[in-house]
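Visitor: One file: query_4.txt (compact mmCIF, C-alpha atoms).
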```
# COMPACT_ATOMS: atom_id res chain seq x y z
CA MET A 1 0.00 0.00 0.00
CA ILE A 2 1.34 3.44 -0.95
CA ARG A 3 1.11 6.01 1.84
CA THR A 4 1.13 9.78 1.46
CA GLU A 5 2.19 12.13 4.22
CA HIS A 6 -0.48 14.70 3.45
CA PRO A 7 -3.46 12.88 1.90
CA THR A 8 -5.69 15.93 2.33
CA THR A 9 -3.57 17.84 -0.19
CA ASP A 10 -4.02 15.20 -2.93
CA THR A 11 -6.02 16.55 -5.87
CA LEU A 12 -6.93 15.28 -9.29
CA ASP A 13 -4.56 16.66 -11.90
CA LEU A 14 -7.16 17.82 -14.39
CA ALA A 15 -4.50 18.96 -16.87
CA ALA A 16 -2.94 15.49 -16.89
CA ILE A 17 -6.34 13.87 -17.40
CA ARG A 18 -7.10 16.20 -20.30
CA ALA A 19 -3.70 15.47 -21.86
CA ARG A 20 -4.39 11.74 -21.58
CA HIS A 21 -7.77 12.12 -23.27
CA THR A 22 -6.20 14.29 -25.97
CA LEU A 23 -3.61 11.62 -26.72
CA LEU A 24 -6.26 8.89 -26.90
CA LEU A 25 -8.24 11.05 -29.33
CA LEU A 26 -5.17 11.69 -31.50
CA ASP A 27 -4.40 7.97 -31.52
CA LEU A 28 -7.90 7.24 -32.85
CA LEU A 29 -7.55 9.86 -35.59
CA TRP A 30 -4.07 8.60 -36.49
CA ASN A 31 -5.79 5.37 -37.52
CA GLY A 32 -8.60 6.97 -39.51
CA ASP A 33 -11.14 9.79 -39.85
CA LEU A 34 -13.93 9.84 -37.26
CA ALA A 35 -16.83 12.02 -36.20
CA ARG A 36 -17.09 13.53 -32.73
CA VAL A 37 -19.86 11.09 -31.83
CA ASP A 38 -17.60 8.14 -32.75
CA ILE A 39 -14.79 9.46 -30.58
CA ALA A 40 -17.13 10.08 -27.64
CA ARG A 41 -18.36 6.51 -27.89
CA GLU A 42 -14.86 5.02 -28.19
CA LEU A 43 -13.43 6.99 -25.26
CA GLY A 44 -16.51 6.95 -23.07
CA LEU A 45 -16.52 10.73 -22.75
CA SER A 46 -19.28 13.29 -23.10
CA ARG A 47 -19.84 15.11 -26.38
CA SER A 48 -19.02 18.40 -24.67
CA ALA A 49 -15.66 17.07 -23.39
CA ILE A 50 -14.76 15.80 -26.86
CA SER A 51 -15.82 19.08 -28.49
CA SER A 52 -13.62 21.05 -26.11
CA ILE A 53 -10.55 18.96 -26.95
CA VAL A 54 -11.30 18.99 -30.67
CA THR A 55 -11.70 22.77 -30.67
CA GLU A 56 -8.24 23.09 -29.09
CA LEU A 57 -6.68 20.68 -31.60
CA ILE A 58 -8.24 22.52 -34.53
CA SER A 59 -7.01 25.85 -33.18
CA VAL A 60 -3.37 24.68 -33.24
CA GLY A 61 -3.77 22.96 -36.63
CA LEU A 62 -3.36 19.33 -35.56
CA VAL A 63 -6.92 18.35 -36.49
CA GLN A 64 -9.13 19.52 -39.35
CA GLU A 65 -12.71 18.99 -40.46
CA VAL A 66 -12.95 17.10 -43.75
CA GLY A 67 -16.55 16.83 -44.82
CA THR A 68 -19.58 15.04 -43.49
CA ARG A 69 -20.96 11.55 -43.15
CA GLY A 70 -24.63 10.66 -43.46
CA SER A 71 -26.38 9.84 -40.21
CA GLY A 72 -28.34 6.94 -41.71
CA GLY A 73 -31.64 8.54 -40.77
CA VAL A 74 -33.27 11.82 -39.90
CA GLY A 75 -30.96 14.31 -38.24
CA ARG A 76 -27.73 16.21 -38.67
CA ARG A 77 -24.94 14.83 -40.80
CA ALA A 78 -21.82 14.08 -38.74
CA THR A 79 -18.71 16.15 -39.49
CA LEU A 80 -15.64 14.00 -39.95
CA LEU A 81 -12.36 14.89 -38.25
CA ASN A 82 -8.94 14.21 -39.72
CA LEU A 83 -5.45 14.24 -38.24
CA ASN A 84 -3.52 16.89 -40.14
CA THR A 85 -0.43 14.85 -40.92
CA ARG A 86 1.32 17.94 -42.37
CA ALA A 87 0.98 19.84 -39.10
CA ALA A 88 4.55 18.88 -38.28
CA ALA A 89 7.40 17.16 -40.08
CA LEU A 90 9.81 14.49 -38.89
CA LEU A 91 13.41 14.09 -40.06
CA ALA A 92 14.37 10.41 -40.19
CA ILE A 93 18.00 9.33 -40.65
CA ASP A 94 19.13 5.78 -41.44
CA LEU A 95 22.89 5.49 -40.97
CA GLY A 96 24.32 2.15 -42.08
CA ALA A 97 27.79 0.71 -42.40
CA SER A 98 27.90 1.65 -46.09
CA HIS A 99 25.10 4.18 -46.67
CA ALA A 100 23.38 7.26 -45.29
CA ARG A 101 19.72 8.07 -45.92
CA VAL A 102 17.63 11.05 -44.86
CA ASP A 103 13.84 11.24 -45.25
CA VAL A 104 11.38 13.99 -44.41
CA LEU A 105 8.21 12.33 -43.07
CA ASP A 106 4.72 13.51 -42.22
CA LEU A 107 2.93 12.45 -39.05
CA HIS A 108 1.82 9.21 -40.70
CA CYS A 109 5.49 8.51 -41.49
CA HIS A 110 4.82 8.83 -45.20
CA THR A 111 7.91 10.06 -47.03
CA LEU A 112 7.78 13.60 -48.41
CA SER A 113 11.35 13.52 -49.73
CA SER A 114 14.19 11.00 -49.54
CA LEU A 115 17.91 11.08 -50.27
CA THR A 116 20.40 8.21 -50.10
CA VAL A 117 24.16 8.11 -50.75
CA PRO A 118 26.90 5.53 -50.32
CA HIS A 119 28.88 6.30 -47.17
CA ASP A 120 31.52 4.33 -45.31
CA ILE A 121 30.91 4.71 -41.59
CA VAL A 122 34.62 4.10 -41.02
CA SER A 123 35.21 7.62 -42.39
CA GLY A 124 34.40 8.79 -38.88
CA PRO A 125 32.03 11.10 -37.02
CA GLN A 126 32.99 14.48 -38.45
CA ALA A 127 32.75 13.45 -42.11
CA THR A 128 29.46 11.72 -41.33
CA TYR A 129 27.97 14.76 -39.58
CA THR A 130 28.95 17.01 -42.48
CA LEU A 131 27.23 14.64 -44.90
CA LEU A 132 24.09 14.31 -42.75
CA GLY A 133 23.84 18.10 -42.41
CA ALA A 134 23.97 18.52 -46.20
CA LEU A 135 21.51 15.69 -46.81
CA SER A 136 19.08 17.07 -44.24
CA ALA A 137 19.12 20.54 -45.80
CA GLN A 138 18.56 19.10 -49.29
CA ALA A 139 15.76 16.81 -48.11
CA MET A 140 13.93 19.67 -46.36
CA ARG A 141 14.23 21.87 -49.45
CA ALA A 142 12.92 19.06 -51.65
CA ALA A 143 9.92 18.61 -49.33
CA GLY A 144 9.25 22.36 -49.08
CA ILE A 145 9.80 22.17 -45.31
CA GLN A 146 11.58 24.69 -43.09
CA SER A 147 13.50 23.52 -40.04
CA ALA A 148 10.99 25.33 -37.79
CA GLN A 149 8.35 22.84 -39.00
CA VAL A 150 10.42 19.81 -37.95
CA ALA A 151 9.27 18.45 -34.62
CA LEU A 152 12.06 15.90 -34.10
CA VAL A 153 15.04 14.23 -35.72
CA GLY A 154 15.39 10.46 -35.29
CA ILE A 155 18.48 8.47 -36.27
CA GLY A 156 19.29 4.77 -36.25
CA VAL A 157 22.92 3.67 -36.09
CA PRO A 158 24.54 0.21 -36.53
CA GLY A 159 25.94 -0.10 -33.03
CA PRO A 160 25.08 -0.09 -29.31
CA VAL A 161 23.62 3.22 -28.12
CA ASP A 162 23.11 4.48 -24.58
CA HIS A 163 19.52 5.55 -25.12
CA ASP A 164 19.50 8.05 -22.25
CA THR A 165 22.48 10.02 -23.54
CA GLY A 166 22.68 9.25 -27.27
CA ARG A 167 26.28 8.09 -26.87
CA VAL A 168 27.69 5.14 -28.85
CA VAL A 169 29.32 2.53 -26.63
CA GLN A 170 32.17 0.38 -28.01
CA PRO A 171 30.51 -0.37 -31.39
CA PRO A 172 32.26 -3.35 -33.06
CA ASN A 173 31.18 -2.30 -36.57
CA MET A 174 31.85 1.44 -36.14
CA PRO A 175 35.60 1.88 -35.57
CA GLY A 176 36.45 5.40 -34.45
CA TRP A 177 33.02 6.05 -32.93
CA ASP A 178 33.42 4.72 -29.37
CA GLY A 179 32.10 7.30 -26.89
CA GLU A 180 30.75 9.58 -29.62
CA ASN A 181 27.65 11.50 -28.48
CA ILE A 182 25.60 11.46 -31.67
CA ARG A 183 22.58 13.16 -30.12
CA GLU A 184 24.56 16.14 -28.88
CA ALA A 185 26.54 16.51 -32.10
CA LEU A 186 23.48 16.43 -34.37
CA GLN A 187 21.51 18.78 -32.10
CA ASN A 188 24.34 21.31 -32.33
CA LEU A 189 24.52 20.84 -36.10
CA LEU A 190 20.81 20.89 -36.95
CA HIS A 191 19.50 23.00 -34.03
CA LEU A 192 16.70 20.47 -33.55
CA GLU A 193 15.84 17.92 -30.88
CA VAL A 194 17.40 14.54 -31.75
CA LEU A 195 16.59 10.95 -30.71
CA VAL A 196 19.14 8.15 -31.30
CA ASP A 197 18.77 4.38 -31.17
CA ASN A 198 20.25 1.20 -32.49
CA ASP A 199 19.07 0.33 -36.02
CA ALA A 200 17.71 -3.10 -35.02
CA ASN A 201 15.57 -1.51 -32.30
CA LEU A 202 14.09 0.81 -34.90
CA GLY A 203 13.46 -2.15 -37.19
CA ALA A 204 11.38 -3.76 -34.44
CA LEU A 205 9.35 -0.56 -33.99
CA ALA A 206 8.82 -0.30 -37.75
CA GLU A 207 7.63 -3.88 -38.24
CA ALA A 208 5.29 -3.71 -35.23
CA ARG A 209 3.70 -0.43 -36.40
CA PHE A 210 3.83 -0.64 -40.19
CA GLY A 211 4.74 -4.21 -41.22
CA ALA A 212 2.86 -7.46 -41.74
CA HIS A 213 2.90 -8.07 -37.97
CA ARG A 214 1.34 -4.70 -37.21
CA GLY A 215 0.08 -4.50 -33.64
CA THR A 216 2.13 -7.48 -32.41
CA GLN A 217 3.10 -6.89 -28.78
CA ASP A 218 5.95 -9.41 -28.49
CA LEU A 219 8.21 -9.32 -31.52
CA ILE A 220 11.90 -9.78 -32.24
CA TYR A 221 13.42 -8.12 -35.31
CA VAL A 222 16.74 -9.53 -36.50
CA LYS A 223 18.71 -7.22 -38.76
CA ALA A 224 21.30 -9.21 -40.69
CA ALA A 225 23.79 -7.25 -42.77
CA THR A 226 27.42 -6.20 -42.21
CA GLY A 227 26.61 -6.72 -38.54
CA ILE A 228 23.79 -8.70 -36.94
CA GLY A 229 21.58 -7.21 -34.23
CA ALA A 230 18.11 -7.71 -32.79
CA GLY A 231 15.39 -5.39 -31.58
CA VAL A 232 13.29 -6.92 -28.81
CA LEU A 233 9.70 -5.75 -28.32
CA LEU A 234 8.03 -7.08 -25.17
CA GLY A 235 4.50 -6.14 -24.19
CA GLY A 236 4.50 -3.48 -26.89
CA ARG A 237 7.60 -1.74 -25.52
CA LEU A 238 11.22 -1.94 -26.62
CA HIS A 239 13.40 -3.88 -24.22
CA ARG A 240 16.63 -1.88 -24.32
CA GLY A 241 18.16 -3.19 -21.11
CA ALA A 242 19.87 -1.11 -18.43
CA ARG A 243 21.81 1.08 -20.89
CA GLY A 244 20.50 0.21 -24.33
CA GLY A 245 22.65 -2.81 -25.15
CA ALA A 246 19.94 -5.48 -25.23
CA GLY A 247 19.52 -7.46 -28.44
CA GLU A 248 23.15 -7.87 -29.50
CA ILE A 249 22.40 -11.29 -30.96
CA GLY A 250 25.35 -11.11 -33.36
CA HIS A 251 27.75 -11.46 -30.45
CA ILE A 252 26.18 -14.60 -28.98
CA SER A 253 28.70 -17.44 -29.20
CA ILE A 254 27.02 -20.28 -31.06
CA ASN A 255 30.27 -22.29 -30.97
CA GLU A 256 32.70 -21.46 -28.20
CA GLN A 257 35.52 -23.11 -30.16
CA GLY A 258 34.69 -21.25 -33.37
CA PRO A 259 36.46 -18.44 -35.23
CA VAL A 260 36.85 -15.02 -33.64
CA GLY A 261 34.61 -12.36 -35.16
CA ARG A 262 34.94 -8.58 -35.07
CA SER A 263 33.51 -8.48 -31.55
CA GLY A 264 36.39 -10.60 -30.30
CA ASN A 265 34.06 -13.39 -29.13
CA PRO A 266 35.02 -16.90 -30.32
CA GLY A 267 32.33 -18.48 -32.47
CA SER A 268 29.97 -15.50 -32.41
CA LEU A 269 27.04 -15.45 -34.81
CA GLU A 270 28.66 -12.61 -36.78
CA SER A 271 31.77 -14.73 -37.33
CA TYR A 272 29.57 -17.22 -39.21
CA ALA A 273 26.75 -15.25 -40.85
CA ALA A 274 27.68 -11.58 -41.36
CA ALA A 275 27.75 -10.32 -44.96
CA GLN A 276 31.52 -10.09 -45.39
CA VAL A 277 31.99 -13.57 -43.87
CA LEU A 278 29.58 -15.11 -46.39
CA VAL A 279 31.37 -13.48 -49.33
CA ALA A 280 34.73 -14.78 -48.08
CA LEU A 281 33.21 -18.24 -47.56
CA ALA A 282 31.82 -18.36 -51.10
CA ARG A 283 35.15 -17.27 -52.61
CA SER A 284 37.11 -19.89 -50.68
CA ARG A 285 34.72 -22.66 -51.67
CA ARG A 286 34.87 -21.72 -55.34
CA ALA A 287 38.69 -21.69 -55.12
CA ALA A 288 38.45 -25.19 -53.65
CA GLY A 289 36.46 -26.37 -56.67
CA ALA A 290 32.82 -25.91 -55.73
CA PRO A 291 30.71 -25.65 -58.93
CA SER A 292 29.20 -22.21 -59.51
CA GLN A 293 28.09 -19.87 -62.27
CA LEU A 294 28.48 -16.76 -60.12
CA PRO A 295 30.31 -13.90 -61.90
CA GLU A 296 33.84 -13.12 -60.77
CA PRO A 297 34.68 -11.75 -58.32
CA ILE A 298 31.98 -13.10 -56.04
CA THR A 299 30.13 -10.28 -54.31
CA LEU A 300 27.26 -10.02 -51.88
CA GLU A 301 25.09 -8.68 -54.71
CA GLY A 302 25.86 -11.79 -56.77
CA LEU A 303 25.09 -14.13 -53.88
CA LEU A 304 21.75 -12.39 -53.31
CA ALA A 305 20.79 -12.29 -56.98
CA HIS A 306 21.49 -16.00 -57.48
CA ALA A 307 20.41 -17.30 -54.06
CA ASN A 308 17.90 -19.73 -55.56
CA THR A 309 19.62 -20.59 -58.84
CA ASP A 310 23.33 -21.12 -58.18
CA PRO A 311 24.40 -24.21 -56.18
CA LEU A 312 27.23 -22.44 -54.38
CA ALA A 313 25.10 -19.41 -53.50
CA ARG A 314 22.30 -21.65 -52.28
CA ALA A 315 24.65 -23.65 -50.08
CA VAL A 316 26.07 -20.47 -48.54
CA TRP A 317 22.62 -19.10 -47.73
CA GLU A 318 21.43 -22.39 -46.29
CA GLU A 319 24.47 -22.48 -44.01
CA ALA A 320 23.94 -18.85 -42.98
CA GLY A 321 20.29 -19.60 -42.23
CA HIS A 322 21.30 -22.58 -40.10
CA HIS A 323 23.58 -20.41 -37.94
CA LEU A 324 21.00 -17.65 -37.66
CA GLY A 325 18.42 -20.22 -36.60
CA VAL A 326 20.67 -21.48 -33.80
CA ALA A 327 20.89 -17.97 -32.32
CA ILE A 328 17.20 -17.25 -32.93
CA SER A 329 16.23 -20.40 -31.03
CA THR A 330 17.92 -18.86 -27.99
CA THR A 331 15.78 -15.72 -28.29
CA LEU A 332 12.64 -17.84 -28.73
CA ASN A 333 13.39 -19.77 -25.55
CA LEU A 334 14.27 -16.60 -23.62
CA PHE A 335 11.40 -14.32 -24.68
CA ASN A 336 8.65 -16.51 -26.19
CA PRO A 337 7.69 -13.88 -28.80
CA GLN A 338 4.72 -14.02 -31.16
CA ALA A 339 6.92 -13.28 -34.16
CA VAL A 340 10.54 -13.16 -35.28
CA VAL A 341 11.06 -10.93 -38.32
CA ILE A 342 14.22 -11.17 -40.43
CA GLY A 343 15.34 -7.91 -42.02
CA GLY A 344 18.48 -6.23 -43.26
CA ARG A 345 20.41 -6.76 -46.47
CA LEU A 346 20.76 -10.53 -46.04
CA ALA A 347 16.97 -10.97 -45.93
CA GLN A 348 17.00 -10.28 -49.68
CA ALA A 349 18.19 -13.87 -50.13
CA GLY A 350 14.54 -14.75 -49.58
CA GLU A 351 13.02 -18.19 -49.09
CA VAL A 352 16.25 -20.19 -49.21
CA LEU A 353 17.53 -18.28 -46.17
CA LEU A 354 14.16 -18.25 -44.41
CA GLY A 355 13.61 -21.99 -44.84
CA ALA A 356 16.99 -22.77 -43.30
CA ILE A 357 16.36 -20.39 -40.39
CA ARG A 358 12.99 -21.98 -39.64
CA ALA A 359 14.32 -25.54 -39.77
CA SER A 360 17.26 -24.74 -37.52
CA ALA A 361 15.34 -22.63 -34.98
CA GLN A 362 12.26 -24.80 -34.68
CA GLY A 363 14.27 -27.95 -34.06
CA ARG A 364 16.09 -26.28 -31.12
CA THR A 365 13.20 -24.48 -29.43
CA MET A 366 10.87 -25.74 -26.72
CA ARG A 367 7.43 -26.52 -28.03
CA ILE A 368 5.70 -23.94 -25.82
CA ASN A 369 7.93 -21.25 -27.31
CA VAL A 370 7.71 -22.26 -30.96
CA ASP A 371 4.15 -23.52 -31.52
CA ARG A 372 2.61 -20.08 -31.97
CA ALA A 373 5.69 -18.15 -33.03
CA ARG A 374 5.96 -16.98 -36.63
CA ILE A 375 9.37 -16.62 -38.28
CA ASP A 376 9.01 -14.43 -41.37
CA LEU A 377 10.93 -12.12 -43.65
CA GLY A 378 10.41 -8.41 -43.07
CA THR A 379 8.01 -6.60 -45.38
CA LEU A 380 9.43 -3.07 -45.22
CA GLY A 381 12.74 -3.71 -46.98
CA VAL A 382 15.10 -0.73 -47.17
CA ASP A 383 12.44 1.53 -45.63
CA ALA A 384 12.58 -0.21 -42.24
CA GLY A 385 15.20 2.17 -40.88
CA VAL A 386 13.43 5.44 -41.63
CA ARG A 387 9.99 4.06 -40.77
CA GLY A 388 11.40 2.86 -37.45
CA ALA A 389 12.92 6.28 -36.79
CA GLY A 390 9.49 7.74 -37.54
CA ALA A 391 7.84 5.33 -35.08
CA MET A 392 10.37 6.29 -32.41
CA MET A 393 9.59 9.98 -32.93
CA LEU A 394 5.83 9.40 -32.82
CA ASP A 395 6.24 7.46 -29.58
CA SER A 396 8.04 10.48 -28.12
CA LEU A 397 5.67 13.17 -29.43
CA PHE A 398 2.40 11.43 -28.58
CA THR A 399 3.06 11.54 -24.83
CA PRO A 400 2.10 14.04 -22.12
CA ARG A 401 5.66 15.37 -22.23
CA GLY A 402 5.85 15.58 -26.02
CA LEU A 403 2.37 17.01 -26.62
CA PRO A 404 3.18 20.68 -25.75
CA HIS A 405 6.13 20.55 -28.16
CA LEU A 406 3.93 19.11 -30.90
CA TYR A 407 1.37 21.86 -30.25
CA GLY A 408 4.08 24.49 -30.63
CA ILE A 409 5.37 23.09 -33.91
CA ALA A 410 1.84 22.67 -35.32
CA ARG A 411 0.89 26.21 -34.33
CA MET A 412 4.03 27.60 -35.96
CA ALA A 413 3.38 25.62 -39.15
CA GLN A 414 -0.20 26.88 -39.23
CA ASN A 415 0.94 30.49 -38.82
CA THR A 416 3.42 29.99 -41.66
CA ARG A 417 0.64 28.67 -43.91
CA ASP A 418 -1.68 31.53 -42.92
CA ILE A 419 0.99 34.12 -43.75
CA GLY A 420 1.63 32.43 -47.08
CA GLU A 421 -2.06 32.38 -47.96
CA ALA A 422 -2.46 36.02 -46.96
CA SER A 423 0.52 37.02 -49.09
CA ALA A 424 -0.89 35.10 -52.05
CA SER A 425 -4.28 36.81 -51.69
CA ARG A 426 -2.61 40.25 -51.77
CA ALA A 427 -0.54 39.44 -54.83
CA PRO A 428 -1.53 41.19 -58.12
CA PRO A 429 -3.24 39.12 -60.80
CA ALA A 430 -0.76 36.89 -62.55
CA GLY A 431 0.13 37.81 -66.10
CA PRO A 432 1.56 35.51 -68.74
CA SER A 433 4.36 33.46 -67.22
CA PRO A 434 7.75 34.15 -68.79
CA PRO A 435 9.38 31.09 -70.31
CA ARG A 436 11.69 29.33 -67.85
CA PRO A 437 15.29 29.08 -68.97
CA ALA A 438 16.05 25.58 -70.15
CA GLU A 439 19.04 25.29 -67.87
CA ARG A 440 16.88 25.94 -64.80
CA ALA A 441 14.45 23.23 -65.82
CA THR A 442 17.02 20.59 -66.64
CA HIS A 443 20.15 21.42 -64.64
CA THR A 444 20.66 19.02 -61.75
CA PRO A 445 23.43 19.96 -59.31
CA THR A 446 25.48 17.19 -57.77
CA ARG A 447 23.20 15.59 -55.21
CA PRO A 448 22.32 12.21 -53.75
CA VAL A 449 20.07 9.90 -55.71
CA SER A 450 16.46 10.03 -54.53
CA HIS A 451 15.38 6.85 -52.81
CA GLY A 452 11.78 7.29 -53.91
CA GLY A 453 9.30 7.79 -51.10
CA THR A 454 5.59 7.39 -50.72
CA PRO A 455 3.84 10.76 -50.99
```
Show the structure stored in the file as structure tokens.

Guide:
Amino acid sequence: MIRTEHPTTDTLDLAAIRARHTLLLLDLLWNGDLARVDIARELGLSRSAISSIVTELISVGLVQEVGTRGSGGVGRRATLLNLNTRAAALLAIDLGASHARVDVLDLHCHTLSSLTVPHDIVSGPQATYTLLGALSAQAMRAAGIQSAQVALVGIGVPGPVDHDTGRVVQPPNMPGWDGENIREALQNLLHLEVLVDNDANLGALAEARFGAHRGTQDLIYVKAATGIGAGVLLGGRLHRGARGGAGEIGHISINEQGPVGRSGNPGSLESYAAAQVLVALARSRRAAGAPSQLPEPITLEGLLAHANTDPLARAVWEEAGHHLGVAISTTLNLFNPQAVVIGGRLAQAGEVLLGAIRASAQGRTMRINVDRARIDLGTLGVDAGVRGAGAMMLDSLFTPRGLPHLYGIARMAQNTRDIGEASASRAPPAGPSPPRPAERATHTPTRPVSHGGTP
């Protein structure tokens, strides 16, 4: 029993209750347009209470009225409410071992603009920050967004992150980054609030919110690429551990007498199934006489493209799947999740990899932990990183602490639109448009290749 020293001074925090109701309302509208009467019924609140909250949300520009719906009988037609997903923008950054991607997202995490470039993370923090600053500026310009309209920046990185501080801690696949405070550095560079997490954690958030296993409360996302990590979702919440290091499945020793991987652990999963290990394995087996039609030199792209058609490639992927399955069986027995989702570059090998993972994992897992567990390939592909960053930012904004900040950004964006509309209404009638110079229409300055988002 919890005791209070001064029970007579306890009062209901009406502001906190209102914030909670506001967040529940926004969550409903995030999933679809509704009328006030629908919201009142769903939340069990009075029409007057709902109207008061809706009026406030409309005033700051987070909610808008979008037409009416027939009542099905005699009476007033219900006005539908819609979450204004352009009330604020999100800047999502996916930093990999060999690429950097920046997307501008709306509040549904739909991409408004997207830029991707090759980038070697070994080039170090300063070169990476310079690149991310340039990409962010270009992406915002392409989306027609000013930095004042950006509510948050979210970035996923391929290494362990202290979630409380945004500092990278001894990342095996990020030499030169140990101790680097990515949150602080990017906040100073972009002058925006920044959230940082491990890329596998963001993959778990993305698959649970946007993927085929949407709404799953207990899910493990395994990202297999240059490194191998896992995001662990338990009871609908990320399990980060005491500092943020949970889920480092790539450093589990699946054979204590095995080869030493980049983590320094003998027989770690990464020493058997990471991308560069598989390429080296395929090359050594071809040199030893294994039949193969793979083009020379053997590359990861070639192994992926011919995963189901070339005997050497197929053998490599089956072996990789076996090793992944051994480690995944450990996570199944530890956490008993509803789903294990395989993502990252290696997931592009498809069914040959998945079949081997399933066979290996299911044969090593207790029946109670495997009977109802699905092991599937991810459905978000290369978008998992930015969608996960978007989910992380939504989870921060749609909270009592984040709501005032979201209000401020939405109000500022609305004022900017109002000023723009007022300026347009005062403009003189447009005359014939002068022809645009050809070079302005066709000239493309050096810039990253667009990744192609969903408008």

Visitor: Return as a Markdown table the residues of segment 318-389 of chain A lying at most 10 Å from segment 199-209 of chain A, together with the closest atom-to-atom pair for each and the distance in Å to one decimal, counting all atoms listed in the file, with rows in chain order and ascending residue number.

Guide:
```
| residue | atom | partner | partner_atom | distance |
| --- | --- | --- | --- | --- |
| A:Ala339 | CA | A:Ala208 | CA | 9.8 |
| A:Val340 | CA | A:Ala204 | CA | 9.5 |
| A:Val341 | CA | A:Glu207 | CA | 7.8 |
| A:Ile342 | CA | A:Gly203 | CA | 9.6 |
| A:Gly343 | CA | A:Gly203 | CA | 7.7 |
| A:Gly344 | CA | A:Ala200 | CA | 8.8 |
| A:Gly378 | CA | A:Glu207 | CA | 7.2 |
| A:Thr379 | CA | A:Glu207 | CA | 7.6 |
| A:Leu380 | CA | A:Glu207 | CA | 7.3 |
| A:Gly381 | CA | A:Gly203 | CA | 9.9 |
| A:Asp383 | CA | A:Ala206 | CA | 8.9 |
| A:Ala384 | CA | A:Gly203 | CA | 5.5 |
| A:Gly385 | CA | A:Gly203 | CA | 5.9 |
| A:Val386 | CA | A:Leu202 | CA | 8.2 |
| A:Arg387 | CA | A:Ala206 | CA | 5.4 |
| A:Gly388 | CA | A:Ala206 | CA | 4.1 |
| A:Ala389 | CA | A:Leu202 | CA | 5.9 |
```

Visitor: Just the selected residues (C-alpha atoms), exported as a short mmCIF file (atom, residue, chain, number, x, y, z; two decimals), keeping the file's coordinate frame, please.

Guide:
```cif
data_model
loop_
_atom_site.label_atom_id
_atom_site.label_comp_id
_atom_site.auth_asym_id
_atom_site.auth_seq_id
_atom_site.Cartn_x
_atom_site.Cartn_y
_atom_site.Cartn_z
CA ALA A 339 6.92 -13.28 -34.16
CA VAL A 340 10.54 -13.16 -35.28
CA VAL A 341 11.06 -10.93 -38.32
CA ILE A 342 14.22 -11.17 -40.43
CA GLY A 343 15.34 -7.91 -42.02
CA GLY A 344 18.48 -6.23 -43.26
CA GLY A 378 10.41 -8.41 -43.07
CA THR A 379 8.01 -6.60 -45.38
CA LEU A 380 9.43 -3.07 -45.22
CA GLY A 381 12.74 -3.71 -46.98
CA ASP A 383 12.44 1.53 -45.63
CA ALA A 384 12.58 -0.21 -42.24
CA GLY A 385 15.20 2.17 -40.88
CA VAL A 386 13.43 5.44 -41.63
CA ARG A 387 9.99 4.06 -40.77
CA GLY A 388 11.40 2.86 -37.45
CA ALA A 389 12.92 6.28 -36.79
#
```

Visitor: Please return as a JSON list (two decimals) with C-alpha atoms, keeping the file's coordinate frame every residue within 7 Å of (-23.1, 17.8, -39.1), taking into account only C-alpha atoms and the file's own coordinates.

Guide:
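Contents of selection33.json, freshly written:
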```
[["chain", "number", "residue", "atom", "x", "y", "z"],
["A", 68, "THR", "CA", -19.58, 15.04, -43.49],
["A", 76, "ARG", "CA", -27.73, 16.21, -38.67],
["A", 77, "ARG", "CA", -24.94, 14.83, -40.80],
["A", 78, "ALA", "CA", -21.82, 14.08, -38.74],
["A", 79, "THR", "CA", -18.71, 16.15, -39.49]]
```

Visitor: So, counting only C-alpha atoms, which residue among A:Ile220, A:Ala275, A:Leu152, A:Ala97 is closest to Ile409 of chain A?

Guide: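 Answer, going by the shortest atom-to-atom distance: A:Leu152.
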
Visitor: Residues of segment 157-214 of chain A that approach segment 393-401 of chain A to 10 Å or less, counting only C-alpha atoms: could you list each one with the shortest pair of atoms and its distance in Å to one decimal, rows by chain and increasing residue number, as JSON lines?

Guide:
```
{"residue": "A:Val194", "atom": "CA", "partner": "A:Met393", "partner_atom": "CA", "distance": 9.1}
{"residue": "A:Leu195", "atom": "CA", "partner": "A:Met393", "partner_atom": "CA", "distance": 7.4}
{"residue": "A:Val196", "atom": "CA", "partner": "A:Met393", "partner_atom": "CA", "distance": 9.9}
{"residue": "A:Leu205", "atom": "CA", "partner": "A:Asp395", "partner_atom": "CA", "distance": 9.7}
```

Visitor: Restricting it to C-alpha atoms, dump the selection as a tab-separated table (two decimals), in the coordinates of the input.

Guide:
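Below you can see again_38.tsv, which holds the result:
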```tsv
chain	number	residue	atom	x	y	z
A	194	VAL	CA	17.40	14.54	-31.75
A	195	LEU	CA	16.59	10.95	-30.71
A	196	VAL	CA	19.14	8.15	-31.30
A	205	LEU	CA	9.35	-0.56	-33.99
```

Visitor: Enter the distance from atom CA of Arg411 of chain A to atom CA of Ser51 of chain A, in Å, rounded to one decimal.

Guide: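 These atoms are spaced 19.1 Å apart.
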
Visitor: So which residues are close to (10.7, 13.6, -41.5), meaning at most 6 Å away in the file's coordinates with all atoms listed in the file counted, and can you show them as a PDB file with C-alpha atoms, in the coordinates of the input?

Guide:
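Done, and the output landed in part35.pdb:
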```pdb
ATOM      1  CA  ALA A  89       7.400  17.160 -40.080  1.00  0.00           C
ATOM      2  CA  LEU A  90       9.810  14.490 -38.890  1.00  0.00           C
ATOM      3  CA  LEU A  91      13.410  14.090 -40.060  1.00  0.00           C
ATOM      4  CA  ALA A  92      14.370  10.410 -40.190  1.00  0.00           C
ATOM      5  CA  ASP A 103      13.840  11.240 -45.250  1.00  0.00           C
ATOM      6  CA  VAL A 104      11.380  13.990 -44.410  1.00  0.00           C
ATOM      7  CA  LEU A 105       8.210  12.330 -43.070  1.00  0.00           C
TER       8      LEU A 105
END
```
